[in-house]
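Here is the file start.cif (mmCIF, C-alpha atoms).
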```cif
data_input
#
loop_
_atom_site.label_atom_id
_atom_site.label_comp_id
_atom_site.auth_asym_id
_atom_site.auth_seq_id
_atom_site.Cartn_x
_atom_site.Cartn_y
_atom_site.Cartn_z
CA MET A 523 118.15 205.28 259.63
CA ALA A 524 117.27 201.82 258.30
CA ALA A 525 119.90 200.09 256.23
CA PRO A 526 119.07 199.62 252.54
CA ASN A 527 117.65 196.23 251.63
CA PRO A 528 120.25 194.37 249.51
CA ASN A 529 117.47 192.32 247.83
CA HIS A 530 115.58 195.42 246.71
CA VAL A 531 116.01 196.15 243.01
CA GLN A 532 115.11 199.55 241.68
CA ILE A 533 114.36 199.85 237.98
CA VAL A 534 114.90 203.28 236.54
CA ILE A 535 112.94 204.07 233.39
CA PRO A 536 114.69 206.63 231.20
CA GLU A 537 112.80 209.86 230.94
CA HIS A 538 112.59 209.78 227.14
CA HIS A 539 111.08 206.26 227.24
CA ALA A 540 108.46 207.41 229.73
CA GLN A 541 107.62 210.40 227.55
CA GLN A 542 107.38 208.20 224.46
CA ASN A 543 105.03 205.76 226.22
CA GLN A 544 102.89 208.66 227.38
CA CYS A 545 102.73 210.06 223.86
CA ASN A 546 101.71 206.66 222.45
CA PHE A 547 99.00 206.35 225.09
CA LEU A 548 97.66 209.81 224.32
CA LYS A 549 97.65 209.11 220.57
CA GLU A 550 95.72 205.88 221.07
CA ARG A 551 93.29 207.55 223.45
CA ASP A 552 92.70 210.53 221.19
CA PHE A 553 92.44 208.53 217.94
CA ASP A 554 89.13 209.21 216.26
CA TYR A 555 87.75 205.79 215.34
CA SER A 556 84.84 207.49 213.60
CA GLN A 557 87.22 208.30 210.73
CA ARG A 558 87.20 204.60 209.92
CA ALA A 559 83.46 204.26 210.32
CA GLN A 560 82.42 204.68 206.69
CA TRP A 561 84.74 202.25 204.93
CA LEU A 562 84.93 199.92 207.95
CA ARG A 563 81.15 199.63 208.05
CA ALA A 564 81.06 198.87 204.32
CA ALA A 565 83.88 196.31 204.59
CA VAL A 566 82.53 194.50 207.66
CA LEU A 567 78.99 194.53 206.30
CA GLY A 568 80.18 193.29 202.92
CA ALA A 569 82.30 190.48 204.37
CA ASN A 570 79.59 189.27 206.71
CA ASP A 571 76.93 189.56 204.02
CA GLY A 572 79.04 187.66 201.50
CA LEU A 573 79.85 184.97 204.01
CA VAL A 574 76.37 184.49 205.44
CA SER A 575 74.28 185.03 202.31
CA ILE A 576 76.35 182.77 200.06
CA ALA A 577 76.64 180.09 202.75
CA SER A 578 72.88 180.27 203.38
CA LEU A 579 72.20 180.12 199.64
CA MET A 580 74.41 177.05 199.28
CA MET A 581 72.84 175.42 202.33
CA GLY A 582 69.41 176.07 200.87
CA VAL A 583 70.34 174.40 197.60
CA GLY A 584 72.03 171.63 199.56
CA ALA A 585 68.75 170.96 201.35
CA VAL A 586 67.20 169.68 198.10
CA ARG A 587 70.22 168.81 195.93
CA GLU A 588 73.08 166.68 197.23
CA ASP A 589 75.59 167.15 194.39
CA ALA A 590 78.48 169.55 194.94
CA LYS A 591 78.17 171.09 191.47
CA SER A 592 74.76 172.59 192.17
CA MET A 593 75.93 174.11 195.45
CA VAL A 594 79.11 175.58 193.97
CA LEU A 595 77.45 177.02 190.86
CA THR A 596 74.72 178.55 193.00
CA GLY A 597 77.39 180.03 195.25
CA PHE A 598 79.27 181.61 192.36
CA ALA A 599 76.07 183.07 190.90
CA GLY A 600 75.31 184.55 194.31
CA LEU A 601 78.86 185.91 194.59
CA PHE A 602 78.67 187.78 191.27
CA ALA A 603 75.18 189.13 191.89
CA GLY A 604 75.85 190.02 195.50
CA ALA A 605 79.16 191.81 194.90
CA CYS A 606 77.61 193.97 192.19
CA SER A 607 74.54 194.65 194.30
CA MET A 608 76.60 195.59 197.38
CA ALA A 609 78.89 197.89 195.42
CA ILE A 610 76.06 199.71 193.65
CA GLY A 611 74.00 199.94 196.82
CA GLU A 612 76.87 201.36 198.86
CA PHE A 613 77.80 203.81 196.11
CA VAL A 614 74.26 205.17 195.79
CA SER A 615 73.72 205.29 199.54
CA VAL A 616 77.02 206.99 200.39
CA TYR A 617 76.71 209.41 197.46
CA SER A 618 73.30 210.48 198.78
CA GLN A 619 74.84 210.98 202.21
CA LEU A 620 77.68 212.99 200.63
CA ASP A 621 75.21 215.30 198.83
CA ILE A 622 73.31 215.89 202.06
CA GLU A 623 76.45 216.70 204.07
CA ILE A 624 77.82 219.06 201.39
CA ALA A 625 74.50 220.90 201.23
CA GLN A 626 74.49 221.20 205.01
CA MET A 627 78.06 222.54 205.00
CA LYS A 628 77.07 225.23 202.47
CA ARG A 629 74.10 226.30 204.60
CA GLU A 630 76.24 226.49 207.74
CA LYS A 631 78.91 228.48 205.89
CA ARG A 632 76.36 231.13 204.84
CA VAL A 633 75.05 231.43 208.36
CA THR A 634 78.27 231.29 210.41
CA ASN A 635 80.85 232.39 207.80
CA ASN A 636 83.39 229.79 208.98
CA GLY A 637 87.04 230.10 207.99
CA GLN A 638 88.76 228.18 205.19
CA ASN A 639 90.63 225.87 207.59
CA ALA A 640 87.43 224.72 209.27
CA GLU A 641 85.86 224.04 205.86
CA GLU A 642 88.84 221.94 204.74
CA MET A 643 88.73 219.93 207.96
CA GLU A 644 85.06 219.19 207.39
CA LYS A 645 85.70 218.11 203.78
CA GLU A 646 88.28 215.58 204.98
CA LYS A 647 85.59 213.86 207.06
CA LEU A 648 83.14 213.56 204.16
CA PRO A 649 82.29 210.01 203.06
CA ASN A 650 83.85 208.60 199.90
CA PRO A 651 81.31 206.71 197.71
CA TRP A 652 83.97 205.00 195.58
CA GLN A 653 85.89 203.83 198.63
CA ALA A 654 82.74 202.45 200.24
CA ALA A 655 81.67 200.69 197.02
CA MET A 656 85.06 199.03 196.46
CA ALA A 657 85.42 198.02 200.11
CA SER A 658 81.94 196.49 200.10
CA ALA A 659 82.38 194.55 196.84
CA LEU A 660 85.84 193.21 197.70
CA ALA A 661 84.81 192.28 201.22
CA PHE A 662 81.67 190.55 199.93
CA SER A 663 83.75 188.49 197.49
CA LEU A 664 86.24 187.60 200.22
CA GLY A 665 83.48 186.41 202.51
CA ALA A 666 81.75 184.48 199.73
CA PHE A 667 84.87 182.50 198.86
CA VAL A 668 84.94 180.85 202.29
CA PRO A 669 81.89 178.56 201.81
CA LEU A 670 82.73 178.09 198.13
CA LEU A 671 86.21 176.75 198.88
CA ALA A 672 84.86 174.67 201.73
CA ALA A 673 82.33 172.90 199.49
CA ALA A 674 84.22 172.69 196.20
CA PHE A 675 86.41 169.66 196.95
CA ILE A 676 84.19 167.49 199.17
CA ALA A 677 82.06 164.84 197.49
CA ASN A 678 80.24 163.45 200.54
CA TYR A 679 77.01 165.34 201.09
CA LYS A 680 76.82 165.35 204.89
CA VAL A 681 80.53 166.03 205.31
CA ARG A 682 80.27 168.93 202.85
CA LEU A 683 77.46 170.56 204.80
CA GLY A 684 79.36 170.14 208.06
CA VAL A 685 82.56 171.60 206.62
CA VAL A 686 80.67 174.58 205.21
CA VAL A 687 79.12 175.33 208.61
CA ALA A 688 82.48 174.94 210.38
CA ALA A 689 84.34 177.13 207.89
CA VAL A 690 81.66 179.81 208.03
CA THR A 691 81.73 179.77 211.84
CA LEU A 692 85.50 180.29 211.96
CA ALA A 693 85.29 183.05 209.37
CA LEU A 694 82.50 184.79 211.28
CA VAL A 695 84.64 184.78 214.42
CA ALA A 696 87.58 186.18 212.46
CA PHE A 697 85.57 188.90 210.69
CA GLY A 698 83.80 189.86 213.89
CA GLY A 699 87.10 190.09 215.77
CA VAL A 700 88.85 192.13 213.07
CA GLY A 701 85.94 194.53 212.81
CA ALA A 702 85.82 194.98 216.59
CA VAL A 703 89.57 195.61 216.89
CA MET A 704 89.65 198.10 214.02
CA GLY A 705 86.58 199.86 215.35
CA GLY A 706 87.82 199.94 218.95
CA THR A 707 84.86 197.94 220.32
CA PRO A 708 84.83 194.86 222.62
CA VAL A 709 85.69 191.65 220.77
CA ALA A 710 83.90 189.41 223.28
CA ARG A 711 80.61 191.13 222.54
CA SER A 712 80.99 191.40 218.77
CA CYS A 713 82.00 187.82 217.85
CA PRO A 714 79.12 185.89 219.49
CA ARG A 715 76.59 188.28 217.98
CA VAL A 716 77.99 187.75 214.48
CA VAL A 717 78.26 183.96 214.86
CA VAL A 718 74.74 183.48 216.21
CA GLY A 719 73.31 185.63 213.43
CA GLY A 720 75.11 183.56 210.79
CA TRP A 721 73.92 180.28 212.29
CA MET A 722 70.33 181.53 212.34
CA ALA A 723 70.47 182.61 208.69
CA MET A 724 71.85 179.24 207.53
CA ALA A 725 69.45 177.22 209.67
CA ILE A 726 66.36 179.16 208.59
CA THR A 727 67.30 178.99 204.90
CA PHE A 728 68.08 175.28 205.08
CA GLY A 729 64.87 174.50 206.99
CA LEU A 730 62.53 176.50 204.79
CA THR A 731 64.04 175.18 201.56
CA LYS A 732 63.89 171.64 202.90
CA SER A 733 60.21 172.08 203.71
CA LEU A 734 59.51 173.41 200.22
CA GLY A 735 61.27 170.42 198.72
CA SER A 736 59.31 168.03 200.94
CA SER A 737 56.03 169.64 199.89
CA GLY A 738 56.54 168.54 196.28
CA LEU A 739 58.32 171.57 194.78
CA GLU A 740 61.32 170.14 192.94
CA MET A 741 64.24 171.75 191.14
#
```
Step by step, read the file and then write its structure as C-alpha cells.
Amino acid sequence: MAAPNPNHVQIVIPEHHAQQNQCNFLKERDFDYSQRAQWLRAAVLGANDGLVSIASLMMGVGAVREDAKSMVLTGFAGLFAGACSMAIGEFVSVYSQLDIEIAQMKREKRVTNNGQNAEEMEKEKLPNPWQAAMASALAFSLGAFVPLLAAAFIANYKVRLGVVVAAVTLALVAFGGVGAVMGGTPVARSCPRVVVGGWMAMAITFGLTKSLGSSGLEM
C-alpha cells in the first residue's frame, strides 16, 4: 500500500452546506424569469425610450440652436410628454392584454372545468396594467434625466454635445446590463445592441435637423 502524501490536503465540505448549495442552484435554475417579463419589459423600454428620445430631441435642437436653455427646455417638455404618453400607452396596451387573457381563461374553464387552484395560479400570472404604467413612466423619467443633467450646467456648445453623448452611452450600457441580468439574458449581447441603437437615433436626429436648418428653415 502506498504511503499517504503529506502534502495532500483534503477539504471536507459539510453535508448541510452541500445541500444548501444544491438547493440554491435548483432555485436559480427553476426560477421563472417570465414572471418579470411584463414589468421588466415596461421598465427597460421606458428607460431606454426616455434616454434615447430625450437625448435625440436635445441633440436635434442643439443642431440648430447652440444655447443650453433651448436644449434643456426642450428636454423637459419631452420628458413630461413622453412620461405621460408611455404610461397611458402601457396601461391601455396591458389592459387590453388582460381582458384577452381573462376571456381566454373563462373559455378554457367552461371546456375543461379546471379546479380552483389552477385558476388561482393562472390569475397570479396575469399582467398588471397599473404596474406596467407606473414602471414605464418612472423609468422614462429616470432615463430622460441623464441627458438633461448632462447638458444643464455646461455653457460651451461643443463640450455640451460631447458630454450628452458620453453620458447617454454610459447610461445605455448600464440600462442594457441591468435589463439583461434581471431577465437572465447574456449581457455581452444586450449592451452593444442598446448602445448602437441609441447612437443611431441621436446621429439621425442631429443630421436631419441640421439639414433642415441649413435649408433655410429657422426656429
Picked residues, the PyMOL selection byres ((chain A and resi 686-696) around 9), as a PyMOL selection string: chain A and resi 569-570+573-574+577+580-581+665+668-673+681-685+697-701+712-714+716-717+720-721+724
Output check: residues returned by the PyMOL selection byres ((chain A and resi 584) around 12), as JSON, numbers by chain: {"A": [576, 577, 578, 579, 580, 581, 582, 583, 585, 586, 587, 588, 589, 590, 591, 592, 593, 594, 595, 596, 597, 673, 678, 679, 680, 681, 682, 683, 684, 686, 724, 725, 727, 728, 729, 730, 731, 732, 735, 741]}
Put the listed atoms of stretch 648-663 of chain A in a box along x, y and z with 5 Å added on every side and give me the centre and edge lengths in Å to one decimal, as lines of an AutoDock Vina configuration file.
```
center_x = 83.6
center_y = 201.0
center_z = 199.9
size_x = 14.6
size_y = 35.1
size_z = 18.6
```
Selection result of the PyMOL selection byres ((chain A and resi 600-613) around 10) on this file, as number ranges by chain: A: 561, 564, 567-568, 571-573, 575-577, 579-580, 594-599, 614-619, 650-667, 670
Distance in Å - atom CA of A:Met722 versus atom CA of A:Leu734: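 Answer for the atom CA of A:Met722 to atom CA of A:Leu734 separation: 18.2 Å.
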Gap from atom CA of A:Thr707 to atom CA of A:Leu620 - Å, one decimal: 25.8 Å
From A:Ala702, A:Ile676, A:Ala565, A:Ala625, residue lying nearest A:Arg715 [all atoms listed in the file]: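 The answer is A:Ala702, which sits nearest to A:Arg715.
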